Amino acid sequence: MPAALAQDSKQGTEEACALHWKIEQFHRELKQLTGVEKCQCRKARMQRNHIACAILVWLWLRAVAKEKLSSMYQIKTSWLSERMRQELHFSALMLFA
């Protein structure tokens with residue numbers, strides 16, 4: 001067993017807990033930011049495709065957040081609010097056209 005995962009010392013335990021926390025954080029962000037759990041597909045291949053797309057979105061959010069020195073949650077919120085503004089503007093144009 002690698003030294004980092006052995007819990008026979010204080011340092012080993014701290015490293016194992018840090019690794020477990022990163023995994024928990026990844027799962028929470030993946031579910032909250034991408035909607036990975038909302039897949040209603042029945043076929044295994046479609047489910048795998050949905051999960052793969054969700055992970056790609058998570059990676060994109062992470063890269064943009066790192067680039068802009070912001071959180072992934074802020075990036076998603078700002079992207080969605082900008083998209084909503086565009087949608088409302090387009091709807092208003094179509095309504096009065």
# chains A, B, ... in the order shown; residues from 1 in each chain; ligands from 1
>>> select_by_dssp(residues="chain A", states="alpha helix (DSSP H)", output="number ranges by chain")
A: 10-34, 44-68, 72-95
>>> closest_atom_pairs(of="stretch 16-50 of chain A", to="stretch 75-94 of chain A", cutoff="12 Å", atoms="only C-alpha atoms", output="JSON lines")
{"residue": "A:Glu29", "atom": "CA", "partner": "A:Lys76", "partner_atom": "CA", "distance": 11.2}
{"residue": "A:Gln32", "atom": "CA", "partner": "A:Lys76", "partner_atom": "CA", "distance": 10.4}
{"residue": "A:Leu33", "atom": "CA", "partner": "A:Lys76", "partner_atom": "CA", "distance": 7.3}
{"residue": "A:Thr34", "atom": "CA", "partner": "A:Lys76", "partner_atom": "CA", "distance": 9.4}
>>> write_last_selection(atoms="N, CA and C atoms", output="short mmCIF file (atom, residue, chain, number, x, y, z; two decimals), in the first residue's frame")
data_model
loop_
_atom_site.label_atom_id
_atom_site.label_comp_id
_atom_site.auth_asym_id
_atom_site.auth_seq_id
_atom_site.Cartn_x
_atom_site.Cartn_y
_atom_site.Cartn_z
N GLU A 29 -19.58 18.90 -6.79
CA GLU A 29 -19.57 19.87 -7.88
C GLU A 29 -20.16 19.28 -9.15
N GLN A 32 -24.00 19.20 -8.61
CA GLN A 32 -24.64 20.51 -8.49
C GLN A 32 -24.49 21.38 -9.73
N LEU A 33 -23.38 21.25 -10.42
CA LEU A 33 -23.10 22.14 -11.54
C LEU A 33 -23.50 21.59 -12.90
N THR A 34 -23.57 20.28 -13.04
CA THR A 34 -23.80 19.72 -14.36
C THR A 34 -25.12 18.97 -14.50
#
>>> closest_residue(among="A:Ala16, A:Met72, A:Val64, A:Leu30", to="A:Ala52", atoms="only C-alpha atoms")
A:Leu30
>>> closest_residue(among="A:Gln25, A:Leu69, A:Leu59, A:Ala54", to="A:Lys38", atoms="only C-alpha atoms")
A:Ala54
>>> atom_distance(atom1="atom CA of A:His50", atom2="atom CA of A:Lys31")
12.3 Å
>>> residues_around(residues="A:Ile51", least_positions_apart="3", cutoff="12 Å", atoms="only C-alpha atoms", output="list in words")
His27, Leu30, Lys31, Thr34, Gly35, Val36, Glu37, Lys38, Cys39, Gln40, Cys41, Ala44, Arg45, Met46, Gln47, Arg48, Ala54, Ile55, Leu56, Val57 and Trp58 of chain A
>>> atom_distance(atom1="atom CA of A:Gln74", atom2="atom CA of A:Cys17")
26.9 Å
>>> decode(residues="stretch 1-44 of chain A", atoms="N, CA and C atoms", output="mmCIF file, in the first residue's frame")
data_model
loop_
_atom_site.group_PDB
_atom_site.id
_atom_site.type_symbol
_atom_site.label_atom_id
_atom_site.label_comp_id
_atom_site.auth_asym_id
_atom_site.auth_seq_id
_atom_site.Cartn_x
_atom_site.Cartn_y
_atom_site.Cartn_z
ATOM 1 N N MET A 1 0.852 -1.181 0.000
ATOM 2 C CA MET A 1 0.000 0.000 0.000
ATOM 3 C C MET A 1 0.895 1.241 0.000
ATOM 4 N N PRO A 2 0.607 2.238 -0.840
ATOM 5 C CA PRO A 2 1.413 3.449 -0.858
ATOM 6 C C PRO A 2 1.384 4.139 0.502
ATOM 7 N N ALA A 3 2.468 4.828 0.788
ATOM 8 C CA ALA A 3 2.583 5.496 2.085
ATOM 9 C C ALA A 3 1.493 6.542 2.277
ATOM 10 N N ALA A 4 1.071 7.194 1.186
ATOM 11 C CA ALA A 4 0.066 8.250 1.298
ATOM 12 C C ALA A 4 -1.291 7.699 1.735
ATOM 13 N N LEU A 5 -1.572 6.438 1.405
ATOM 14 C CA LEU A 5 -2.874 5.867 1.740
ATOM 15 C C LEU A 5 -2.843 5.048 3.027
ATOM 16 N N ALA A 6 -1.652 4.748 3.540
ATOM 17 C CA ALA A 6 -1.562 4.011 4.804
ATOM 18 C C ALA A 6 -1.933 4.942 5.945
ATOM 19 N N GLN A 7 -2.754 4.467 6.834
ATOM 20 C CA GLN A 7 -3.205 5.307 7.936
ATOM 21 C C GLN A 7 -2.554 4.874 9.252
ATOM 22 N N ASP A 8 -1.275 4.489 9.167
ATOM 23 C CA ASP A 8 -0.574 4.087 10.380
ATOM 24 C C ASP A 8 0.200 5.237 11.007
ATOM 25 N N SER A 9 0.081 6.413 10.415
ATOM 26 C CA SER A 9 0.729 7.591 10.984
ATOM 27 C C SER A 9 -0.199 8.786 10.823
ATOM 28 N N LYS A 10 0.108 9.825 11.557
ATOM 29 C CA LYS A 10 -0.714 11.041 11.474
ATOM 30 C C LYS A 10 -0.664 11.632 10.069
ATOM 31 N N GLN A 11 0.523 11.676 9.483
ATOM 32 C CA GLN A 11 0.654 12.247 8.147
ATOM 33 C C GLN A 11 -0.097 11.397 7.112
ATOM 34 N N GLY A 12 -0.003 10.088 7.221
ATOM 35 C CA GLY A 12 -0.714 9.206 6.304
ATOM 36 C C GLY A 12 -2.212 9.391 6.400
ATOM 37 N N THR A 13 -2.721 9.529 7.626
ATOM 38 C CA THR A 13 -4.151 9.743 7.831
ATOM 39 C C THR A 13 -4.593 11.074 7.240
ATOM 40 N N GLU A 14 -3.797 12.123 7.454
ATOM 41 C CA GLU A 14 -4.138 13.447 6.912
ATOM 42 C C GLU A 14 -4.150 13.428 5.386
ATOM 43 N N GLU A 15 -3.195 12.729 4.778
ATOM 44 C CA GLU A 15 -3.140 12.656 3.318
ATOM 45 C C GLU A 15 -4.325 11.866 2.769
ATOM 46 N N ALA A 16 -4.704 10.788 3.462
ATOM 47 C CA ALA A 16 -5.853 9.993 3.021
ATOM 48 C C ALA A 16 -7.131 10.811 3.133
ATOM 49 N N CYS A 17 -7.284 11.554 4.224
ATOM 50 C CA CYS A 17 -8.475 12.399 4.397
ATOM 51 C C CYS A 17 -8.520 13.497 3.344
ATOM 52 N N ALA A 18 -7.358 14.069 3.008
ATOM 53 C CA ALA A 18 -7.311 15.115 1.977
ATOM 54 C C ALA A 18 -7.737 14.546 0.627
ATOM 55 N N LEU A 19 -7.289 13.324 0.323
ATOM 56 C CA LEU A 19 -7.675 12.688 -0.932
ATOM 57 C C LEU A 19 -9.177 12.399 -0.957
ATOM 58 N N HIS A 20 -9.709 11.890 0.149
ATOM 59 C CA HIS A 20 -11.146 11.600 0.231
ATOM 60 C C HIS A 20 -11.953 12.883 0.077
ATOM 61 N N TRP A 21 -11.476 13.988 0.664
ATOM 62 C CA TRP A 21 -12.194 15.257 0.573
ATOM 63 C C TRP A 21 -12.230 15.752 -0.874
ATOM 64 N N LYS A 22 -11.113 15.609 -1.601
ATOM 65 C CA LYS A 22 -11.097 16.028 -3.010
ATOM 66 C C LYS A 22 -12.102 15.224 -3.828
ATOM 67 N N ILE A 23 -12.223 13.940 -3.551
ATOM 68 C CA ILE A 23 -13.185 13.097 -4.269
ATOM 69 C C ILE A 23 -14.608 13.532 -3.932
ATOM 70 N N GLU A 24 -14.887 13.782 -2.662
ATOM 71 C CA GLU A 24 -16.216 14.250 -2.253
ATOM 72 C C GLU A 24 -16.547 15.585 -2.912
ATOM 73 N N GLN A 25 -15.574 16.473 -2.942
ATOM 74 C CA GLN A 25 -15.773 17.796 -3.556
ATOM 75 C C GLN A 25 -16.079 17.649 -5.047
ATOM 76 N N PHE A 26 -15.350 16.776 -5.731
ATOM 77 C CA PHE A 26 -15.597 16.537 -7.152
ATOM 78 C C PHE A 26 -17.022 16.034 -7.378
ATOM 79 N N HIS A 27 -17.457 15.055 -6.588
ATOM 80 C CA HIS A 27 -18.813 14.509 -6.748
ATOM 81 C C HIS A 27 -19.879 15.581 -6.504
ATOM 82 N N ARG A 28 -19.690 16.385 -5.469
ATOM 83 C CA ARG A 28 -20.663 17.434 -5.164
ATOM 84 C C ARG A 28 -20.737 18.449 -6.306
ATOM 85 N N GLU A 29 -19.581 18.899 -6.788
ATOM 86 C CA GLU A 29 -19.569 19.869 -7.882
ATOM 87 C C GLU A 29 -20.160 19.277 -9.154
ATOM 88 N N LEU A 30 -19.832 18.027 -9.440
ATOM 89 C CA LEU A 30 -20.360 17.380 -10.642
ATOM 90 C C LEU A 30 -21.880 17.321 -10.597
ATOM 91 N N LYS A 31 -22.442 16.968 -9.448
ATOM 92 C CA LYS A 31 -23.900 16.871 -9.333
ATOM 93 C C LYS A 31 -24.562 18.249 -9.345
ATOM 94 N N GLN A 32 -24.005 19.205 -8.606
ATOM 95 C CA GLN A 32 -24.645 20.507 -8.487
ATOM 96 C C GLN A 32 -24.486 21.376 -9.727
ATOM 97 N N LEU A 33 -23.377 21.246 -10.416
ATOM 98 C CA LEU A 33 -23.098 22.144 -11.537
ATOM 99 C C LEU A 33 -23.502 21.595 -12.897
ATOM 100 N N THR A 34 -23.566 20.277 -13.037
ATOM 101 C CA THR A 34 -23.802 19.716 -14.363
ATOM 102 C C THR A 34 -25.119 18.966 -14.497
ATOM 103 N N GLY A 35 -25.770 18.632 -13.406
ATOM 104 C CA GLY A 35 -27.016 17.882 -13.487
ATOM 105 C C GLY A 35 -26.814 16.445 -13.912
ATOM 106 N N VAL A 36 -25.678 15.873 -13.561
ATOM 107 C CA VAL A 36 -25.354 14.511 -14.003
ATOM 108 C C VAL A 36 -26.386 13.494 -13.524
ATOM 109 N N GLU A 37 -27.005 13.728 -12.383
ATOM 110 C CA GLU A 37 -27.955 12.752 -11.837
ATOM 111 C C GLU A 37 -29.334 12.840 -12.476
ATOM 112 N N LYS A 38 -29.548 13.801 -13.347
ATOM 113 C CA LYS A 38 -30.871 13.998 -13.943
ATOM 114 C C LYS A 38 -31.064 13.228 -15.253
ATOM 115 N N CYS A 39 -30.165 12.335 -15.565
ATOM 116 C CA CYS A 39 -30.255 11.550 -16.795
ATOM 117 C C CYS A 39 -31.441 10.589 -16.708
ATOM 118 N N GLN A 40 -32.278 10.596 -17.720
ATOM 119 C CA GLN A 40 -33.438 9.705 -17.748
ATOM 120 C C GLN A 40 -33.294 8.634 -18.824
ATOM 121 N N CYS A 41 -32.076 8.448 -19.303
ATOM 122 C CA CYS A 41 -31.831 7.446 -20.337
ATOM 123 C C CYS A 41 -31.899 6.044 -19.743
ATOM 124 N N ARG A 42 -32.366 5.108 -20.530
ATOM 125 C CA ARG A 42 -32.469 3.720 -20.084
ATOM 126 C C ARG A 42 -31.257 2.888 -20.507
ATOM 127 N N LYS A 43 -30.712 3.204 -21.667
ATOM 128 C CA LYS A 43 -29.618 2.395 -22.196
ATOM 129 C C LYS A 43 -28.289 2.809 -21.562
ATOM 130 N N ALA A 44 -27.471 1.801 -21.292
ATOM 131 C CA ALA A 44 -26.189 2.035 -20.621
ATOM 132 C C ALA A 44 -25.288 2.957 -21.436
#
